[in-house]
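Note: the block below is work.cif and it holds mmCIF, C-alpha atoms.
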```
data_structure
#
loop_
_atom_site.label_atom_id
_atom_site.label_comp_id
_atom_site.auth_asym_id
_atom_site.auth_seq_id
_atom_site.Cartn_x
_atom_site.Cartn_y
_atom_site.Cartn_z
CA MET L 1 0.00 0.00 0.00
CA SER L 2 2.71 2.46 0.89
CA ASP L 3 5.51 1.50 -1.46
CA TYR L 4 6.61 3.91 -4.10
CA THR L 5 6.53 2.58 -7.66
CA HIS L 6 7.34 5.63 -9.79
CA ILE L 7 9.48 8.52 -8.57
CA LEU L 8 9.57 11.82 -10.43
CA LEU L 9 12.87 13.59 -9.87
CA ALA L 10 12.58 17.33 -10.54
CA ILE L 11 15.94 19.04 -10.90
CA ASP L 12 17.11 22.57 -11.52
CA LEU L 13 20.47 21.67 -13.13
CA SER L 14 22.33 23.57 -10.39
CA THR L 15 25.45 22.22 -8.74
CA ASP L 16 23.13 20.91 -6.00
CA SER L 17 21.40 18.49 -8.33
CA PRO L 18 23.74 15.55 -7.54
CA GLN L 19 22.57 15.55 -3.89
CA VAL L 20 18.95 15.44 -4.98
CA CYS L 21 19.62 12.76 -7.61
CA GLN L 22 21.42 10.62 -5.05
CA LYS L 23 18.43 10.65 -2.66
CA ALA L 24 16.00 9.78 -5.45
CA ARG L 25 18.22 6.98 -6.66
CA SER L 26 18.64 5.49 -3.20
CA LEU L 27 14.85 5.51 -2.62
CA ALA L 28 14.21 4.02 -6.07
CA GLN L 29 16.60 1.17 -5.30
CA PHE L 30 14.92 0.48 -1.97
CA TYR L 31 11.39 0.46 -3.34
CA GLY L 32 12.30 -1.07 -6.71
CA ALA L 33 10.71 2.02 -8.25
CA LYS L 34 11.12 3.49 -11.71
CA ILE L 35 12.58 7.03 -11.91
CA SER L 36 11.57 9.70 -14.39
CA ILE L 37 13.35 13.03 -14.45
CA ILE L 38 12.12 16.51 -15.34
CA HIS L 39 13.70 19.90 -15.76
CA VAL L 40 11.55 22.93 -16.48
CA VAL L 41 12.91 25.95 -18.30
CA GLU L 42 11.04 29.13 -17.46
CA PRO L 43 10.16 31.21 -20.54
CA LEU L 44 12.31 34.33 -20.77
CA SER L 45 9.11 36.32 -21.21
CA PHE L 46 8.21 35.39 -17.56
CA THR L 47 11.46 36.94 -16.42
CA TYR L 48 11.65 39.96 -18.66
CA GLY L 49 7.98 40.66 -19.17
CA SER L 50 5.99 40.25 -22.35
CA ASP L 51 5.79 44.00 -23.02
CA ILE L 52 9.42 44.30 -24.02
CA PRO L 53 9.59 44.32 -27.83
CA LEU L 54 12.41 41.80 -28.09
CA ASP L 55 12.37 38.47 -29.83
CA PHE L 56 13.62 35.91 -27.32
CA SER L 57 12.95 32.86 -29.46
CA ASP L 58 16.54 32.17 -30.56
CA ILE L 59 17.96 32.67 -27.05
CA GLN L 60 15.16 30.55 -25.62
CA GLN L 61 15.98 27.77 -28.07
CA ASP L 62 19.67 27.97 -27.12
CA LEU L 63 18.76 27.68 -23.44
CA MET L 64 16.56 24.67 -24.15
CA ASN L 65 19.34 22.98 -26.12
CA GLN L 66 21.88 23.53 -23.35
CA ALA L 67 19.41 22.34 -20.73
CA LYS L 68 18.64 19.22 -22.78
CA HIS L 69 22.31 18.34 -22.99
CA GLN L 70 22.86 18.79 -19.23
CA LEU L 71 19.69 16.91 -18.33
CA GLN L 72 20.64 13.93 -20.48
CA GLU L 73 24.10 13.85 -18.92
CA ILE L 74 22.70 13.84 -15.38
CA ALA L 75 20.08 11.25 -16.32
CA SER L 76 22.64 9.00 -17.94
CA ASN L 77 24.88 9.21 -14.85
CA ILE L 78 22.12 7.71 -12.74
CA GLY L 79 20.99 5.21 -15.34
CA ILE L 80 17.83 6.90 -16.57
CA ASP L 81 17.06 6.37 -20.25
CA ASP L 82 16.07 9.12 -22.69
CA GLU L 83 12.38 8.14 -22.71
CA SER L 84 12.15 8.89 -18.98
CA CYS L 85 13.80 12.28 -19.40
CA HIS L 86 11.49 15.28 -19.73
CA LEU L 87 12.44 18.84 -20.61
CA THR L 88 9.59 21.32 -20.70
CA LEU L 89 9.04 25.06 -20.95
CA GLY L 90 6.66 26.68 -18.46
CA ARG L 91 6.06 27.30 -14.78
CA PRO L 92 7.96 24.68 -12.73
CA GLU L 93 5.14 23.78 -10.30
CA THR L 94 2.57 23.43 -13.07
CA GLU L 95 4.78 21.37 -15.36
CA ILE L 96 5.93 19.10 -12.52
CA HIS L 97 2.34 18.50 -11.30
CA ASN L 98 1.15 17.81 -14.85
CA LEU L 99 3.89 15.31 -15.58
CA ALA L 100 3.50 13.61 -12.17
CA ALA L 101 -0.19 13.08 -12.91
CA ALA L 102 0.46 11.95 -16.50
CA ILE L 103 2.97 9.26 -15.51
CA ASN L 104 1.21 8.31 -12.24
CA ALA L 105 4.19 9.26 -10.09
CA ASP L 106 3.63 8.52 -6.41
CA LEU L 107 6.61 10.52 -5.14
CA ILE L 108 8.14 13.76 -6.38
CA VAL L 109 11.74 14.44 -5.25
CA VAL L 110 12.78 18.08 -5.48
CA GLY L 111 15.61 20.21 -4.13
CA SER L 112 14.79 22.79 -1.50
CA HIS L 113 16.93 25.88 -1.20
CA GLY L 114 15.96 26.98 2.27
CA ARG L 115 14.99 30.44 3.15
CA HIS L 116 17.42 32.76 1.49
CA GLY L 117 16.72 35.58 -0.89
CA LEU L 118 13.73 35.56 -3.18
CA ALA L 119 12.59 32.12 -2.08
CA LEU L 120 11.64 33.66 1.24
CA ILE L 121 9.30 36.11 -0.43
CA PHE L 122 7.82 34.15 -3.29
CA GLY L 123 8.11 30.64 -1.94
CA SER L 124 10.62 28.18 -3.31
CA THR L 125 9.88 25.74 -6.10
CA ALA L 126 9.69 23.01 -3.46
CA ASN L 127 6.89 24.85 -1.68
CA GLY L 128 5.13 25.39 -4.98
CA VAL L 129 5.46 21.71 -5.85
CA LEU L 130 4.16 20.63 -2.44
CA HIS L 131 1.17 22.91 -2.72
CA GLY L 132 -1.35 21.07 -4.80
CA ALA L 133 0.68 17.92 -5.51
CA GLY L 134 -1.44 14.81 -5.89
CA CYS L 135 1.25 12.58 -4.39
CA ASP L 136 4.01 12.58 -1.76
CA VAL L 137 6.79 15.14 -2.06
CA LEU L 138 10.33 14.76 -0.70
CA ALA L 139 12.10 18.12 -0.45
CA VAL L 140 15.83 17.52 -0.27
CA ARG L 141 17.57 20.35 1.57
CA VAL L 142 20.54 21.53 -0.41
CA GLU L 143 23.25 23.58 1.20
CA GLU L 144 23.92 26.94 -0.32
CA SER L 145 27.16 28.83 -0.42
CA GLU L 146 26.41 32.22 1.02
CA MET V 1 26.60 10.88 2.90
CA SER V 2 22.97 10.77 1.94
CA ASP V 3 21.58 8.17 4.33
CA TYR V 4 19.07 9.19 6.94
CA THR V 5 20.02 8.42 10.52
CA HIS V 6 17.29 10.11 12.56
CA ILE V 7 13.75 10.64 11.28
CA LEU V 8 11.37 13.02 13.02
CA LEU V 9 7.77 11.95 12.45
CA ALA V 10 5.38 14.86 13.00
CA ILE V 11 1.77 13.74 13.34
CA ASP V 12 -1.54 15.47 13.88
CA LEU V 13 -3.35 12.54 15.56
CA SER V 14 -5.95 12.51 12.78
CA THR V 15 -7.23 9.31 11.24
CA ASP V 16 -4.65 9.88 8.50
CA SER V 17 -1.72 9.45 10.86
CA PRO V 18 -1.32 5.70 10.21
CA GLN V 19 -0.45 6.39 6.54
CA VAL V 20 2.19 8.88 7.59
CA CYS V 21 3.57 6.55 10.31
CA GLN V 22 3.79 3.70 7.85
CA LYS V 23 5.93 5.73 5.43
CA ALA V 24 8.25 6.90 8.20
CA ARG V 25 8.60 3.37 9.52
CA SER V 26 9.37 1.91 6.13
CA LEU V 27 12.09 4.53 5.51
CA ALA V 28 13.55 4.03 8.98
CA GLN V 29 13.83 0.30 8.32
CA PHE V 30 15.55 0.89 4.99
CA TYR V 31 18.06 3.38 6.31
CA GLY V 32 18.46 1.76 9.74
CA ALA V 33 17.42 5.12 11.18
CA LYS V 34 16.04 5.98 14.59
CA ILE V 35 12.53 7.52 14.70
CA SER V 36 11.38 10.22 17.07
CA ILE V 37 7.78 11.38 17.04
CA ILE V 38 6.21 14.76 17.81
CA HIS V 39 2.71 16.08 18.15
CA VAL V 40 2.12 19.77 18.73
CA VAL V 41 -0.98 21.04 20.49
CA GLU V 42 -1.84 24.61 19.52
CA PRO V 43 -2.69 26.81 22.51
CA LEU V 44 -6.41 27.55 22.69
CA SER V 45 -5.49 31.21 22.99
CA PHE V 46 -4.19 31.05 19.37
CA THR V 47 -7.58 29.85 18.25
CA TYR V 48 -9.82 31.98 20.41
CA GLY V 49 -7.65 35.05 20.83
CA SER V 50 -5.99 36.24 23.97
CA ASP V 51 -8.44 39.11 24.53
CA ILE V 52 -11.27 36.84 25.61
CA PRO V 53 -11.41 36.85 29.42
CA LEU V 54 -11.70 33.08 29.81
CA ASP V 55 -9.35 30.77 31.63
CA PHE V 56 -8.48 27.98 29.23
CA SER V 57 -5.88 26.34 31.43
CA ASP V 58 -8.01 23.36 32.60
CA ILE V 59 -9.33 22.64 29.13
CA GLN V 60 -5.84 23.01 27.71
CA GLN V 61 -4.50 20.52 30.23
CA ASP V 62 -7.29 18.07 29.35
CA LEU V 63 -6.39 18.38 25.67
CA MET V 64 -2.73 17.78 26.44
CA ASN V 65 -3.56 14.69 28.49
CA GLN V 66 -5.74 13.23 25.77
CA ALA V 67 -3.12 14.01 23.13
CA LYS V 68 -0.40 12.38 25.26
CA HIS V 69 -2.43 9.20 25.54
CA GLN V 70 -3.09 9.04 21.79
CA LEU V 71 0.49 9.87 20.91
CA GLN V 72 1.87 7.12 23.15
CA GLU V 73 -0.55 4.60 21.66
CA ILE V 74 0.52 5.46 18.12
CA ALA V 75 4.19 5.46 19.08
CA SER V 76 3.91 2.10 20.81
CA ASN V 77 2.18 0.61 17.74
CA ILE V 78 5.23 1.39 15.64
CA GLY V 79 7.75 0.46 18.31
CA ILE V 80 8.83 3.93 19.44
CA ASP V 81 9.70 4.19 23.12
CA ASP V 82 8.46 6.94 25.46
CA GLU V 83 11.78 8.81 25.46
CA SER V 84 11.48 9.39 21.71
CA CYS V 85 7.93 10.68 22.04
CA HIS V 86 7.48 14.47 22.24
CA LEU V 87 4.31 16.38 23.02
CA THR V 88 4.61 20.13 22.96
CA LEU V 89 2.40 23.20 23.08
CA GLY V 90 3.00 25.93 20.51
CA ARG V 91 3.02 26.67 16.80
CA PRO V 92 3.52 23.40 14.88
CA GLU V 93 6.19 24.66 12.44
CA THR V 94 8.25 26.28 15.17
CA GLU V 95 8.08 23.35 17.55
CA ILE V 96 8.88 20.84 14.80
CA HIS V 97 11.87 22.87 13.57
CA ASN V 98 13.17 23.32 17.10
CA LEU V 99 12.95 19.64 17.96
CA ALA V 100 14.45 18.59 14.61
CA ALA V 101 17.46 20.81 15.31
CA ALA V 102 17.75 19.66 18.93
CA ILE V 103 17.82 15.96 18.07
CA ASN V 104 19.78 16.39 14.81
CA ALA V 105 17.01 14.91 12.69
CA ASP V 106 17.97 14.64 9.03
CA LEU V 107 14.45 13.96 7.74
CA ILE V 108 11.08 15.26 8.89
CA VAL V 109 8.05 13.20 7.79
CA VAL V 110 4.75 15.08 7.92
CA GLY V 111 1.25 14.57 6.53
CA SER V 112 0.08 16.91 3.79
CA HIS V 113 -3.60 17.63 3.42
CA GLY V 114 -3.59 18.97 -0.11
CA ARG V 115 -5.33 22.10 -1.14
CA HIS V 116 -8.70 22.10 0.47
CA GLY V 117 -10.20 24.68 2.75
CA LEU V 118 -8.07 26.83 4.97
CA ALA V 119 -4.85 25.12 3.96
CA LEU V 120 -5.23 26.75 0.57
CA ILE V 121 -5.30 30.20 2.13
CA PHE V 122 -2.92 29.93 5.04
CA GLY V 123 -0.63 27.18 3.85
CA SER V 124 -0.73 23.73 5.39
CA THR V 125 1.48 22.62 8.24
CA ALA V 126 3.55 20.69 5.69
CA ASN V 127 4.29 23.91 3.82
CA GLY V 128 5.14 25.64 7.07
CA VAL V 129 7.47 22.81 8.04
CA LEU V 130 9.18 22.81 4.66
CA HIS V 131 9.73 26.55 4.80
CA GLY V 132 12.80 27.07 6.91
CA ALA V 133 13.52 23.43 7.77
CA GLY V 134 17.22 22.69 8.22
CA CYS V 135 16.87 19.15 6.86
CA ASP V 136 14.93 17.15 4.26
CA VAL V 137 11.14 17.03 4.51
CA LEU V 138 8.89 14.25 3.21
CA ALA V 139 5.29 15.41 2.87
CA VAL V 140 3.03 12.36 2.77
CA ARG V 141 -0.16 13.10 0.85
CA VAL V 142 -3.14 11.95 2.85
CA GLU V 143 -6.49 11.46 1.20
CA GLU V 144 -9.33 13.49 2.60
CA SER V 145 -12.95 12.62 2.72
CA GLU V 146 -14.77 15.60 1.23
#
```
Conversion result in structure tokens:
Amino acid sequence: MSDYTHILLAIDLSTDSPQVCQKARSLAQFYGAKISIIHVVEPLSFTYGSDIPLDFSDIQQDLMNQAKHQLQEIASNIGIDDESCHLTLGRPETEIHNLAAAINADLIVVGSHGRHGLALIFGSTANGVLHGAGCDVLAVRVEESE
Amino acid sequence: MSDYTHILLAIDLSTDSPQVCQKARSLAQFYGAKISIIHVVEPLSFTYGSDIPLDFSDIQQDLMNQAKHQLQEIASNIGIDDESCHLTLGRPETEIHNLAAAINADLIVVGSHGRHGLALIFGSTANGVLHGAGCDVLAVRVEESE
């Protein structure tokens, strides 16, 4: 009843990702669970506003290509095949919830960056993921260099 | 490096607690970790306001006694001894963070009640625990009858 069968590992491609991957991998081994992995790229228009008359599409595509390369490298290091590797563009919480529901994940593993800086004001991705998730969420506390 | 050694199980004594206990127990077995358990009773003055000229102390003591009994029963069912059983009075997030730090817990397991009712507005205890925790947090999604 309580065993995990499909873990969704949500990573931000930061230097902290290995800690988060390691936890997900260890749990997957224990429960004999499958792991899928997701990274969400936020559209540049979210960051810079949609009113600015600049065409971000080429830069956005470059970012996606770089992210894809890094994601596949991380996934391959922990033995996750390309089919279980998801790169999407959008709001992290929304994309992670949608994929978790689509693949019937019963645990989402996500890094949590504590209470520094903007995360304190807007809530971290981990908080956003927890809020409204349809399954369990493990927030792995990653140490930050200050 | 990434193994859990001391799990703090934070429960609300609801009917959902067994699901949360079961997850904590299963993880503790896997990692060979110790489990401590905490339940936090919120002071009635938080709920009813401190301006009301009523003396809640007897009722508060009754609530604490009942909670102590229930907490010990749950703890004993999952093989946790009395010394690892903590009942405190205060704000749940604060008490849970303080105890986690005091006992060097490296994982807090807490039930998460999703996005219904007041939790949607004020944030659930799980969100509060995640925000500012010094260690990993596993939020176990408990199903609610609506």
Can you build me a table of chain L residues sitting at most 8 Å from chain V, with the closest atom pair per residue and its distance in Å to one decimal, using all atoms listed in the file, sorted by chain and residue number, as a tab-separated table?
```
residue	atom	partner	partner_atom	distance
L:Ser2	CA	V:Lys23	CA	6.5
L:Gln19	CA	V:Ser2	CA	7.5
L:Gln22	CA	V:Ser2	CA	7.2
L:Lys23	CA	V:Ser2	CA	6.5
L:Phe30	CA	V:Phe30	CA	7.0
L:Gly114	CA	V:Gly132	CA	5.6
L:Arg115	CA	V:Gly132	CA	5.5
L:Asn127	CA	V:Asn127	CA	6.2
L:Leu130	CA	V:Asn127	CA	7.1
L:His131	CA	V:Gly114	CA	6.7
L:Gly132	CA	V:Arg115	CA	5.5
L:Ala133	CA	V:Gly114	CA	7.0
L:Gly134	CA	V:Arg141	CA	7.1
L:Cys135	CA	V:Arg141	CA	5.5
L:Asp136	CA	V:Val140	CA	4.6
L:Val137	CA	V:Ala139	CA	5.2
L:Leu138	CA	V:Leu138	CA	4.2
L:Ala139	CA	V:Val137	CA	5.2
L:Val140	CA	V:Asp136	CA	4.6
L:Arg141	CA	V:Asp136	CA	4.9
```
Once chain V is superposed on chain L with a least-squares fit on all C-alpha pairs taken in order, can you show it as a PDB file with C-alpha atoms, in the coordinates of the input?
```
ATOM      1  CA  MET V   1      -0.011   0.005  -0.084  1.00  0.00           C
ATOM      2  CA  SER V   2       2.651   2.489   0.838  1.00  0.00           C
ATOM      3  CA  ASP V   3       5.498   1.522  -1.478  1.00  0.00           C
ATOM      4  CA  TYR V   4       6.625   3.919  -4.149  1.00  0.00           C
ATOM      5  CA  THR V   5       6.537   2.592  -7.690  1.00  0.00           C
ATOM      6  CA  HIS V   6       7.346   5.641  -9.816  1.00  0.00           C
ATOM      7  CA  ILE V   7       9.492   8.530  -8.594  1.00  0.00           C
ATOM      8  CA  LEU V   8       9.565  11.839 -10.439  1.00  0.00           C
ATOM      9  CA  LEU V   9      12.881  13.602  -9.874  1.00  0.00           C
ATOM     10  CA  ALA V  10      12.573  17.335 -10.548  1.00  0.00           C
ATOM     11  CA  ILE V  11      15.945  19.040 -10.890  1.00  0.00           C
ATOM     12  CA  ASP V  12      17.119  22.570 -11.524  1.00  0.00           C
ATOM     13  CA  LEU V  13      20.485  21.682 -13.125  1.00  0.00           C
ATOM     14  CA  SER V  14      22.326  23.563 -10.375  1.00  0.00           C
ATOM     15  CA  THR V  15      25.451  22.214  -8.742  1.00  0.00           C
ATOM     16  CA  ASP V  16      23.162  20.909  -5.994  1.00  0.00           C
ATOM     17  CA  SER V  17      21.399  18.483  -8.306  1.00  0.00           C
ATOM     18  CA  PRO V  18      23.718  15.540  -7.526  1.00  0.00           C
ATOM     19  CA  GLN V  19      22.557  15.544  -3.872  1.00  0.00           C
ATOM     20  CA  VAL V  20      18.945  15.451  -4.975  1.00  0.00           C
ATOM     21  CA  CYS V  21      19.624  12.734  -7.600  1.00  0.00           C
ATOM     22  CA  GLN V  22      21.416  10.619  -5.043  1.00  0.00           C
ATOM     23  CA  LYS V  23      18.429  10.656  -2.669  1.00  0.00           C
ATOM     24  CA  ALA V  24      15.994   9.787  -5.451  1.00  0.00           C
ATOM     25  CA  ARG V  25      18.225   6.974  -6.648  1.00  0.00           C
ATOM     26  CA  SER V  26      18.640   5.500  -3.202  1.00  0.00           C
ATOM     27  CA  LEU V  27      14.854   5.498  -2.640  1.00  0.00           C
ATOM     28  CA  ALA V  28      14.210   4.011  -6.075  1.00  0.00           C
ATOM     29  CA  GLN V  29      16.601   1.167  -5.287  1.00  0.00           C
ATOM     30  CA  PHE V  30      14.906   0.495  -1.960  1.00  0.00           C
ATOM     31  CA  TYR V  31      11.391   0.485  -3.335  1.00  0.00           C
ATOM     32  CA  GLY V  32      12.288  -1.063  -6.704  1.00  0.00           C
ATOM     33  CA  ALA V  33      10.712   2.022  -8.267  1.00  0.00           C
ATOM     34  CA  LYS V  34      11.153   3.492 -11.720  1.00  0.00           C
ATOM     35  CA  ILE V  35      12.596   7.039 -11.920  1.00  0.00           C
ATOM     36  CA  SER V  36      11.573   9.698 -14.392  1.00  0.00           C
ATOM     37  CA  ILE V  37      13.343  13.041 -14.441  1.00  0.00           C
ATOM     38  CA  ILE V  38      12.122  16.531 -15.342  1.00  0.00           C
ATOM     39  CA  HIS V  39      13.715  19.906 -15.765  1.00  0.00           C
ATOM     40  CA  VAL V  40      11.573  22.941 -16.475  1.00  0.00           C
ATOM     41  CA  VAL V  41      12.935  25.956 -18.311  1.00  0.00           C
ATOM     42  CA  GLU V  42      11.046  29.143 -17.472  1.00  0.00           C
ATOM     43  CA  PRO V  43      10.167  31.215 -20.543  1.00  0.00           C
ATOM     44  CA  LEU V  44      12.319  34.334 -20.789  1.00  0.00           C
ATOM     45  CA  SER V  45       9.112  36.303 -21.202  1.00  0.00           C
ATOM     46  CA  PHE V  46       8.236  35.397 -17.565  1.00  0.00           C
ATOM     47  CA  THR V  47      11.484  36.938 -16.443  1.00  0.00           C
ATOM     48  CA  TYR V  48      11.637  39.956 -18.698  1.00  0.00           C
ATOM     49  CA  GLY V  49       7.948  40.627 -19.197  1.00  0.00           C
ATOM     50  CA  SER V  50       5.977  40.221 -22.356  1.00  0.00           C
ATOM     51  CA  ASP V  51       5.739  43.966 -23.040  1.00  0.00           C
ATOM     52  CA  ILE V  52       9.367  44.281 -24.074  1.00  0.00           C
ATOM     53  CA  PRO V  53       9.519  44.265 -27.884  1.00  0.00           C
ATOM     54  CA  LEU V  54      12.363  41.756 -28.150  1.00  0.00           C
ATOM     55  CA  ASP V  55      12.318  38.405 -29.865  1.00  0.00           C
ATOM     56  CA  PHE V  56      13.604  35.877 -27.363  1.00  0.00           C
ATOM     57  CA  SER V  57      12.919  32.820 -29.477  1.00  0.00           C
ATOM     58  CA  ASP V  58      16.541  32.135 -30.570  1.00  0.00           C
ATOM     59  CA  ILE V  59      17.936  32.651 -27.093  1.00  0.00           C
ATOM     60  CA  GLN V  60      15.155  30.527 -25.647  1.00  0.00           C
ATOM     61  CA  GLN V  61      15.971  27.729 -28.067  1.00  0.00           C
ATOM     62  CA  ASP V  62      19.665  27.950 -27.136  1.00  0.00           C
ATOM     63  CA  LEU V  63      18.747  27.661 -23.459  1.00  0.00           C
ATOM     64  CA  MET V  64      16.555  24.654 -24.168  1.00  0.00           C
ATOM     65  CA  ASN V  65      19.337  22.956 -26.122  1.00  0.00           C
ATOM     66  CA  GLN V  66      21.875  23.518 -23.378  1.00  0.00           C
ATOM     67  CA  ALA V  67      19.412  22.333 -20.737  1.00  0.00           C
ATOM     68  CA  LYS V  68      18.634  19.201 -22.781  1.00  0.00           C
ATOM     69  CA  HIS V  69      22.310  18.332 -22.976  1.00  0.00           C
ATOM     70  CA  GLN V  70      22.837  18.797 -19.230  1.00  0.00           C
ATOM     71  CA  LEU V  71      19.679  16.922 -18.339  1.00  0.00           C
ATOM     72  CA  GLN V  72      20.643  13.919 -20.470  1.00  0.00           C
ATOM     73  CA  GLU V  73      24.111  13.851 -18.923  1.00  0.00           C
ATOM     74  CA  ILE V  74      22.690  13.833 -15.402  1.00  0.00           C
ATOM     75  CA  ALA V  75      20.076  11.242 -16.321  1.00  0.00           C
ATOM     76  CA  SER V  76      22.647   8.977 -17.940  1.00  0.00           C
ATOM     77  CA  ASN V  77      24.878   9.215 -14.841  1.00  0.00           C
ATOM     78  CA  ILE V  78      22.116   7.713 -12.735  1.00  0.00           C
ATOM     79  CA  GLY V  79      21.000   5.204 -15.344  1.00  0.00           C
ATOM     80  CA  ILE V  80      17.824   6.899 -16.578  1.00  0.00           C
ATOM     81  CA  ASP V  81      17.076   6.361 -20.254  1.00  0.00           C
ATOM     82  CA  ASP V  82      16.083   9.120 -22.699  1.00  0.00           C
ATOM     83  CA  GLU V  83      12.400   8.143 -22.725  1.00  0.00           C
ATOM     84  CA  SER V  84      12.152   8.887 -19.000  1.00  0.00           C
ATOM     85  CA  CYS V  85      13.801  12.276 -19.413  1.00  0.00           C
ATOM     86  CA  HIS V  86      11.483  15.296 -19.745  1.00  0.00           C
ATOM     87  CA  LEU V  87      12.434  18.850 -20.624  1.00  0.00           C
ATOM     88  CA  THR V  88       9.603  21.327 -20.687  1.00  0.00           C
ATOM     89  CA  LEU V  89       9.047  25.062 -20.935  1.00  0.00           C
ATOM     90  CA  GLY V  90       6.673  26.680 -18.452  1.00  0.00           C
ATOM     91  CA  ARG V  91       6.085  27.314 -14.769  1.00  0.00           C
ATOM     92  CA  PRO V  92       7.978  24.685 -12.734  1.00  0.00           C
ATOM     93  CA  GLU V  93       5.148  23.803 -10.309  1.00  0.00           C
ATOM     94  CA  THR V  94       2.585  23.438 -13.069  1.00  0.00           C
ATOM     95  CA  GLU V  95       4.787  21.384 -15.350  1.00  0.00           C
ATOM     96  CA  ILE V  96       5.922  19.117 -12.509  1.00  0.00           C
ATOM     97  CA  HIS V  97       2.345  18.523 -11.315  1.00  0.00           C
ATOM     98  CA  ASN V  98       1.154  17.826 -14.843  1.00  0.00           C
ATOM     99  CA  LEU V  99       3.892  15.318 -15.581  1.00  0.00           C
ATOM    100  CA  ALA V 100       3.498  13.627 -12.181  1.00  0.00           C
ATOM    101  CA  ALA V 101      -0.196  13.094 -12.922  1.00  0.00           C
ATOM    102  CA  ALA V 102       0.454  11.953 -16.498  1.00  0.00           C
ATOM    103  CA  ILE V 103       2.971   9.283 -15.513  1.00  0.00           C
ATOM    104  CA  ASN V 104       1.217   8.328 -12.248  1.00  0.00           C
ATOM    105  CA  ALA V 105       4.201   9.268 -10.110  1.00  0.00           C
ATOM    106  CA  ASP V 106       3.644   8.521  -6.433  1.00  0.00           C
ATOM    107  CA  LEU V 107       6.620  10.531  -5.160  1.00  0.00           C
ATOM    108  CA  ILE V 108       8.146  13.776  -6.390  1.00  0.00           C
ATOM    109  CA  VAL V 109      11.737  14.450  -5.255  1.00  0.00           C
ATOM    110  CA  VAL V 110      12.792  18.093  -5.485  1.00  0.00           C
ATOM    111  CA  GLY V 111      15.633  20.214  -4.118  1.00  0.00           C
ATOM    112  CA  SER V 112      14.797  22.792  -1.471  1.00  0.00           C
ATOM    113  CA  HIS V 113      16.926  25.887  -1.167  1.00  0.00           C
ATOM    114  CA  GLY V 114      15.929  26.951   2.316  1.00  0.00           C
ATOM    115  CA  ARG V 115      14.977  30.438   3.221  1.00  0.00           C
ATOM    116  CA  HIS V 116      17.416  32.738   1.575  1.00  0.00           C
ATOM    117  CA  GLY V 117      16.727  35.558  -0.807  1.00  0.00           C
ATOM    118  CA  LEU V 118      13.736  35.541  -3.075  1.00  0.00           C
ATOM    119  CA  ALA V 119      12.606  32.103  -1.972  1.00  0.00           C
ATOM    120  CA  LEU V 120      11.688  33.643   1.357  1.00  0.00           C
ATOM    121  CA  ILE V 121       9.357  36.111  -0.319  1.00  0.00           C
ATOM    122  CA  PHE V 122       7.885  34.165  -3.192  1.00  0.00           C
ATOM    123  CA  GLY V 123       8.144  30.637  -1.885  1.00  0.00           C
ATOM    124  CA  SER V 124      10.646  28.188  -3.309  1.00  0.00           C
ATOM    125  CA  THR V 125       9.881  25.761  -6.095  1.00  0.00           C
ATOM    126  CA  ALA V 126       9.704  23.017  -3.459  1.00  0.00           C
ATOM    127  CA  ASN V 127       6.899  24.866  -1.690  1.00  0.00           C
ATOM    128  CA  GLY V 128       5.134  25.408  -4.987  1.00  0.00           C
ATOM    129  CA  VAL V 129       5.453  21.726  -5.835  1.00  0.00           C
ATOM    130  CA  LEU V 130       4.176  20.640  -2.438  1.00  0.00           C
ATOM    131  CA  HIS V 131       1.175  22.929  -2.698  1.00  0.00           C
ATOM    132  CA  GLY V 132      -1.354  21.093  -4.790  1.00  0.00           C
ATOM    133  CA  ALA V 133       0.682  17.958  -5.519  1.00  0.00           C
ATOM    134  CA  GLY V 134      -1.446  14.833  -5.903  1.00  0.00           C
ATOM    135  CA  CYS V 135       1.253  12.586  -4.428  1.00  0.00           C
ATOM    136  CA  ASP V 136       3.998  12.591  -1.784  1.00  0.00           C
ATOM    137  CA  VAL V 137       6.801  15.140  -2.072  1.00  0.00           C
ATOM    138  CA  LEU V 138      10.331  14.761  -0.704  1.00  0.00           C
ATOM    139  CA  ALA V 139      12.096  18.114  -0.444  1.00  0.00           C
ATOM    140  CA  VAL V 140      15.841  17.510  -0.266  1.00  0.00           C
ATOM    141  CA  ARG V 141      17.581  20.326   1.592  1.00  0.00           C
ATOM    142  CA  VAL V 142      20.549  21.518  -0.401  1.00  0.00           C
ATOM    143  CA  GLU V 143      23.265  23.556   1.227  1.00  0.00           C
ATOM    144  CA  GLU V 144      23.906  26.946  -0.271  1.00  0.00           C
ATOM    145  CA  SER V 145      27.108  28.845  -0.402  1.00  0.00           C
ATOM    146  CA  GLU V 146      26.310  32.295   0.966  1.00  0.00           C
TER     147      GLU V 146
END
```
L:Asn65, L:Gln60, L:Ser36, L:Ser14 ranked by distance to Asp82 in chain L, top pick (using only C-alpha atoms):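 Residue with the minimum atom-to-atom distance to Asp82 in chain L: L:Ser36.
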Interatomic distance, CA of Asn98 in chain L to CA of Gln70 in chain L (Å, one decimal):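 CA of Gln70 in chain L lies at a distance of 22.2 Å from CA of Asn98 in chain L.
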Could you work out how far CA of Arg91 in chain V lies from CA of Val41 in chain V, giving the answer in Å with one decimal?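 Separation of CA of Val41 in chain V and CA of Arg91 in chain V: 7.8 Å.
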Would you write out, as a list in words, every residue that the PyMOL selection byres ((chain L and resi 10) around 9) captures in this file?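 When the PyMOL selection byres ((chain L and resi 10) around 9) is applied, the selected residues are Leu8, Leu9, Ile11, Asp12, Val20, Cys21, Ser36, Ile37, Ile38, His39, Val40, Pro92, Ile96, Ile108, Val109, Val110 and Gly111 of chain L.
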Considering all atoms listed in the file, return as a PyMOL selection string whatever protein or nucleic-acid residues lie within 6 Å of His6 in chain V, sequence-local ones (same chain, fewer than 5 positions apart) excluded. chain V and resi 33-35+105-106
Rounded to one decimal in Å, what is the spacing between CA of Asn104 in chain V and CA of Gln29 in chain V?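 CA of Asn104 in chain V sits 18.3 Å away from CA of Gln29 in chain V.
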